[in-house]
Amino acid sequence: MVRFRTAALPSLGFSLLLACVLASAAEETTYAVGATLYTRGLYDDAAASFLAFVDSHPQDGLAPRALLLAAESLRRTGKTEKAYETYQRVHKDYPRSPQATLSRLRTAELEIINDKLEGQASTLASLKGLPPEAEALRTFLLAKVLVAAGRSEEASRIVQQAEGSGFAGASAYLVKGDIALDAGDTAAALASYQKASEFDKTRPAALLRLAELARRSGKTPDAIKYYAAVNPSVLQSDNEKAVWAAGYGLALLAAEDYRGAREKLASAARFAGQSEDAPAKSVSAVIAPAVCVSTLLSGDSDALDKTASQLPAGDPLASWLRAWSSYRSGDARTTVQICSAALKDPKTPPSTSADLRLLGAVSAAALPDWNALRSFLEKPIAAGPPSIQPFLEALLLNGEGAPADKLRPVLEKLLKASPTPPVAAWAEALLVIHSLESGDLDNSESRVAAFAAAYPGNPCVLPLREALLALAAKESPPAKIVQLAQAYISSSPSRSLLPAEELLAWGYYQSGDKQQASSVLLKAAELAPDNAVKARLLYQAGLALAEAGDLHAAENRIAAAQSLGFPLPPESAVWLALRLPPDKAAGLAQSLQPALKAPGTAGKSAMLASAQVNSATGRWDQLASDMDVFLASRPQDEVNSADAALARFFKAEAELQADRPGNAFTLVENALPALTGYYRSRALLLRGRTLIRLGKPDDALSDLLYVGMVVRPEDSRSAAVVSDALKESRTAAARLGKTALVREIDKALAQPVKKDE
């Protein structure tokens, strides 16, 4: 049996792949789809759709009918207690609706089946104005209650009256068949319907029931045979004709006769449009999904246009059908346009609006068009599971680059709504990324581990572990670097492990185990993609061995690197200069200059290495020259960047050491606006020293006292800057004869420098 399903969107990246997982939910909470599912015997899904419709549209005119059909669906799936509660809701919540009397009849029927007979006779006698078949059921139940109460003569009289009114023969068997079907006895129902058909071959009721029973049980050829045996001319109303044509069309659709299905479904829509009955008016909504399926599966756009044109004039379901068509074809832009226009139409019913809002939102996210998605989310998405609203909101916020503190609550709300596993993984991955971006290593480590345990095959696991390694490499203790690098290497056999091996070596090196660092570097050299990388790793291994005191092994490693035809690369010189003690790295100073011209992080690393090596060894002219090379190599958009400001600061230090305070003052003045934290404190101290050299001790005191009295250092190196600033300010204050200020500075010097908590 064919069941309507949406097609997947084209490949749209990680987050929108998740949108595709939920896209089919757009059709599962409307009255229209619920009715279609009911007529096709898919009662579990039908019950869920009807109940969702009532919950989201309690004041809709279709709400009592949806609630009654939900109860019927639940009963047919064997959920009798839930069905009983739902029947009661009908006449409690909608006591004046036509369905209230029917629900009381069904409630009484279930109670009678469960031998709750007390008071049922009076209840059944009070039910008036029932449709003929419901009246037949009422009569049958009343007779049963009376017999059970020992009132057989009265029961006999009621049956005789019913027979006199035409309730006999075919009608009796129809009622018996309906009761058997409600009780789940399909074989008994089938036998009763066949008896009814034998009693009166001209009445289509039995044939329609047999057809429906066959269709529900998957016996499509039998269903088509019964539907074909019905003479539509004997059907008494357009409503009955619409129901017959709709069922026939659905059976043909299951048989993959798409052309025949289109014809019958179009006829059903036409009959429904001609009828003045409220039930018939809903037939077009009931069959709309099937119309969509039959036309879309046929791939005939002309047939689609023809089907849409046969709907009643102004029928909003035409827009619904076109929206699904464009969505299934992958035309997200057209889907957005159709849905937007339909939602602005006041004639579009709430049930259809829910589908259109979800279709439009998913298609807008697929483009992506964040403005359009925002417009679809102006009202809650009534269709789909509870997770769909926060999921789309999270897509919007993430797509617009919202800050973590704004996106995080939406992601947490999404995870509480029981999303599908891919959506949950996407949300969890974003939360892990937020933790990594915050720099909280401990929290990030636990989150990455939890994510990897929950989603071991997810493609985000390895990138998140790599990001965790990058975070650890910044400021973590060597032992932590070794731990995380080993964990990554042990869990990543299928990827290039070279970066992790180098980081592991760096961890061992920093911890003082330089022999182990060299061993890891040798292993990394075996993974090197080319001789240039291999030479660099061998150079690093050789220098690590040299620091460990194994000069012979070091010479062998360096000789092996040189034999590959590559001199010590500038980036290796930078790597070593940043990690070796300055006195041991002094020989690398000349090798740093080519790297100073590199863009981005590579150039910055070379600049920092030059400052570290040259300032520690007192090579001030070399430092000034290197900073000029770095600054001259920056593109125009980086002239005033923080990296350029840092280079000016280092050159200012060199200029002051070379007794050029005027140049130093100009450089540090230009650098200060872009500097923050530790380097800003150092720059203020440098400007204070420069002003003293320029004979302006009063001006110098302002900078020196700010650093010494106001700045709260974050670490030991910042504390040293604060201490130096206090000493310099005391000297300046004493020279100016500011005795009271000197005493205050002495008090500050007597106290240990407090680090910022």
# chains A, B, ... in the order shown; residues from 1 in each chain; ligands from 1
$ residues_around --residues "Gly399 in chain A" --least-positions-apart "6" --cutoff "9 Å" --atoms "only C-alpha atoms" --output "number ranges by chain"
A: 365, 368, 370
$ closest_residue --among "A:Lys514, A:Lys241, A:Arg735, A:His57" --to "Thr352 in chain A" --atoms "only C-alpha atoms"
A:His57
$ residues_around --residues "Phe391 in chain A" --least-positions-apart "6" --cutoff "9 Å" --atoms "only C-alpha atoms" --output "list in words"
Ala19, Val410, Leu411, Lys413, Leu414, Pro419, Val423 and Ala427 of chain A
$ write_last_selection --atoms "N, CA and C atoms" --output "tab-separated table (two decimals), in the first residue's frame"
chain	number	residue	atom	x	y	z
A	19	ALA	N	17.37	19.24	8.88
A	19	ALA	CA	16.05	19.77	8.55
A	19	ALA	C	15.28	18.79	7.69
A	410	VAL	N	18.09	28.05	23.35
A	410	VAL	CA	17.26	27.43	22.31
A	410	VAL	C	17.72	26.00	22.06
A	411	LEU	N	19.03	25.78	22.04
A	411	LEU	CA	19.55	24.42	21.85
A	411	LEU	C	19.15	23.52	23.01
A	413	LYS	N	16.52	23.88	24.90
A	413	LYS	CA	15.09	23.63	24.74
A	413	LYS	C	14.85	22.56	23.68
A	414	LEU	N	15.61	22.62	22.60
A	414	LEU	CA	15.49	21.62	21.54
A	414	LEU	C	15.81	20.23	22.06
A	419	PRO	N	14.28	15.41	20.16
A	419	PRO	CA	14.44	15.46	18.70
A	419	PRO	C	14.97	14.13	18.16
A	423	VAL	N	19.31	15.41	14.75
A	423	VAL	CA	19.10	16.77	15.24
A	423	VAL	C	19.73	16.94	16.62
A	427	ALA	N	22.66	19.65	17.71
A	427	ALA	CA	22.53	20.59	18.83
A	427	ALA	C	23.66	20.38	19.84
$ residues_around --residues "Val722 in chain A" --least-positions-apart "4" --cutoff "9 Å" --atoms "only C-alpha atoms" --output "PyMOL selection string"
chain A and resi 681-682+685+704+707-709+711-713+717-718+726-727+753
$ residues_around --residues "Pro221 in chain A" --least-positions-apart "2" --cutoff "10 Å" --atoms "only C-alpha atoms" --output "ChimeraX atom specification"
/A:211,214-215,218-219,223-227,251-252,254-255
$ write_last_selection --atoms "C-alpha atoms" --output "compact mmCIF listing (two decimals), in the first residue's frame"
# COMPACT_ATOMS: atom_id res chain seq x y z
CA ALA A 211 -14.07 -2.39 -0.64
CA ALA A 214 -10.17 -5.04 1.48
CA ARG A 215 -8.22 -1.83 0.95
CA GLY A 218 -3.93 -4.61 1.67
CA LYS A 219 -6.07 -6.68 -0.70
CA ALA A 223 -10.89 -3.50 -3.21
CA ILE A 224 -10.79 -2.34 -6.83
CA LYS A 225 -13.28 -5.10 -7.79
CA TYR A 226 -15.75 -3.97 -5.12
CA TYR A 227 -15.38 -0.27 -5.97
CA ALA A 251 -7.10 1.88 -4.17
CA LEU A 252 -5.91 2.66 -7.70
CA ALA A 254 -2.01 1.64 -4.13
CA ALA A 255 -2.10 -0.41 -7.34
$ atom_distance --atom1 "CA of Thr80 in chain A" --atom2 "CA of Ala125 in chain A"
23.9 Å
$ decode --residues "range 502-546 of chain A" --atoms "N, CA and C atoms" --output "compact mmCIF listing (two decimals), in the first residue's frame"
# COMPACT_ATOMS: atom_id res chain seq x y z
N GLU A 502 52.92 15.65 16.50
CA GLU A 502 53.76 16.80 16.81
C GLU A 502 53.36 17.44 18.13
N LEU A 503 52.06 17.53 18.37
CA LEU A 503 51.60 18.11 19.64
C LEU A 503 52.01 17.22 20.81
N LEU A 504 51.94 15.91 20.62
CA LEU A 504 52.36 14.99 21.66
C LEU A 504 53.85 15.18 21.97
N ALA A 505 54.64 15.33 20.91
CA ALA A 505 56.07 15.57 21.11
C ALA A 505 56.30 16.87 21.88
N TRP A 506 55.52 17.90 21.54
CA TRP A 506 55.65 19.18 22.24
C TRP A 506 55.29 19.03 23.72
N GLY A 507 54.29 18.22 24.02
CA GLY A 507 53.93 17.98 25.41
C GLY A 507 55.05 17.30 26.17
N TYR A 508 55.64 16.27 25.57
CA TYR A 508 56.77 15.61 26.22
C TYR A 508 57.95 16.57 26.38
N TYR A 509 58.17 17.37 25.35
CA TYR A 509 59.29 18.32 25.39
C TYR A 509 59.11 19.31 26.55
N GLN A 510 57.89 19.86 26.66
CA GLN A 510 57.62 20.83 27.71
C GLN A 510 57.72 20.21 29.10
N SER A 511 57.39 18.92 29.19
CA SER A 511 57.46 18.26 30.49
C SER A 511 58.88 17.85 30.85
N GLY A 512 59.82 18.06 29.93
CA GLY A 512 61.21 17.75 30.20
C GLY A 512 61.67 16.41 29.67
N ASP A 513 60.76 15.62 29.13
CA ASP A 513 61.13 14.30 28.60
C ASP A 513 61.50 14.46 27.13
N LYS A 514 62.70 14.97 26.89
CA LYS A 514 63.09 15.31 25.52
C LYS A 514 63.47 14.09 24.70
N GLN A 515 63.91 13.03 25.38
CA GLN A 515 64.16 11.78 24.67
C GLN A 515 62.85 11.23 24.09
N GLN A 516 61.78 11.23 24.90
CA GLN A 516 60.48 10.76 24.42
C GLN A 516 59.95 11.67 23.33
N ALA A 517 60.18 12.98 23.48
CA ALA A 517 59.76 13.93 22.44
C ALA A 517 60.43 13.60 21.12
N SER A 518 61.74 13.28 21.18
CA SER A 518 62.46 12.93 19.96
C SER A 518 61.91 11.65 19.34
N SER A 519 61.57 10.66 20.18
CA SER A 519 61.02 9.41 19.66
C SER A 519 59.70 9.64 18.93
N VAL A 520 58.84 10.49 19.52
CA VAL A 520 57.56 10.78 18.88
C VAL A 520 57.77 11.52 17.57
N LEU A 521 58.75 12.44 17.55
CA LEU A 521 59.03 13.18 16.32
C LEU A 521 59.55 12.26 15.22
N LEU A 522 60.33 11.27 15.60
CA LEU A 522 60.79 10.29 14.61
C LEU A 522 59.61 9.50 14.04
N LYS A 523 58.67 9.14 14.91
CA LYS A 523 57.47 8.44 14.44
C LYS A 523 56.65 9.35 13.52
N ALA A 524 56.57 10.62 13.88
CA ALA A 524 55.83 11.57 13.03
C ALA A 524 56.52 11.72 11.68
N ALA A 525 57.86 11.66 11.69
CA ALA A 525 58.59 11.80 10.43
C ALA A 525 58.22 10.67 9.47
N GLU A 526 57.92 9.48 10.01
CA GLU A 526 57.51 8.36 9.16
C GLU A 526 56.16 8.62 8.50
N LEU A 527 55.34 9.50 9.12
CA LEU A 527 54.03 9.83 8.55
C LEU A 527 54.08 11.03 7.62
N ALA A 528 55.27 11.65 7.50
CA ALA A 528 55.38 12.89 6.74
C ALA A 528 54.98 12.68 5.29
N PRO A 529 54.21 13.62 4.75
CA PRO A 529 53.75 13.46 3.35
C PRO A 529 54.83 13.73 2.32
N ASP A 530 55.91 14.42 2.70
CA ASP A 530 56.98 14.72 1.74
C ASP A 530 58.29 14.92 2.51
N ASN A 531 59.39 15.06 1.77
CA ASN A 531 60.71 15.18 2.39
C ASN A 531 60.89 16.50 3.12
N ALA A 532 60.22 17.55 2.68
CA ALA A 532 60.35 18.85 3.36
C ALA A 532 59.83 18.75 4.80
N VAL A 533 58.65 18.14 4.96
CA VAL A 533 58.09 17.97 6.31
C VAL A 533 58.96 17.00 7.11
N LYS A 534 59.40 15.96 6.44
CA LYS A 534 60.24 14.97 7.13
C LYS A 534 61.52 15.61 7.64
N ALA A 535 62.15 16.47 6.81
CA ALA A 535 63.37 17.16 7.23
C ALA A 535 63.10 18.04 8.45
N ARG A 536 62.00 18.77 8.42
CA ARG A 536 61.68 19.64 9.56
C ARG A 536 61.55 18.83 10.84
N LEU A 537 60.85 17.70 10.77
CA LEU A 537 60.65 16.88 11.96
C LEU A 537 61.97 16.28 12.45
N LEU A 538 62.85 15.91 11.50
CA LEU A 538 64.15 15.38 11.90
C LEU A 538 65.01 16.45 12.56
N TYR A 539 64.95 17.66 12.04
CA TYR A 539 65.66 18.77 12.69
C TYR A 539 65.17 18.94 14.12
N GLN A 540 63.86 18.94 14.29
CA GLN A 540 63.30 19.12 15.63
C GLN A 540 63.72 17.97 16.56
N ALA A 541 63.68 16.74 16.03
CA ALA A 541 64.10 15.58 16.83
C ALA A 541 65.56 15.71 17.22
N GLY A 542 66.41 16.15 16.29
CA GLY A 542 67.82 16.32 16.58
C GLY A 542 68.07 17.35 17.66
N LEU A 543 67.38 18.48 17.58
CA LEU A 543 67.58 19.51 18.59
C LEU A 543 67.07 19.06 19.95
N ALA A 544 65.97 18.29 19.97
CA ALA A 544 65.47 17.78 21.24
C ALA A 544 66.51 16.85 21.88
N LEU A 545 67.13 15.99 21.04
CA LEU A 545 68.16 15.10 21.56
C LEU A 545 69.37 15.88 22.05
N ALA A 546 69.71 16.94 21.34
CA ALA A 546 70.84 17.77 21.76
C ALA A 546 70.58 18.37 23.13
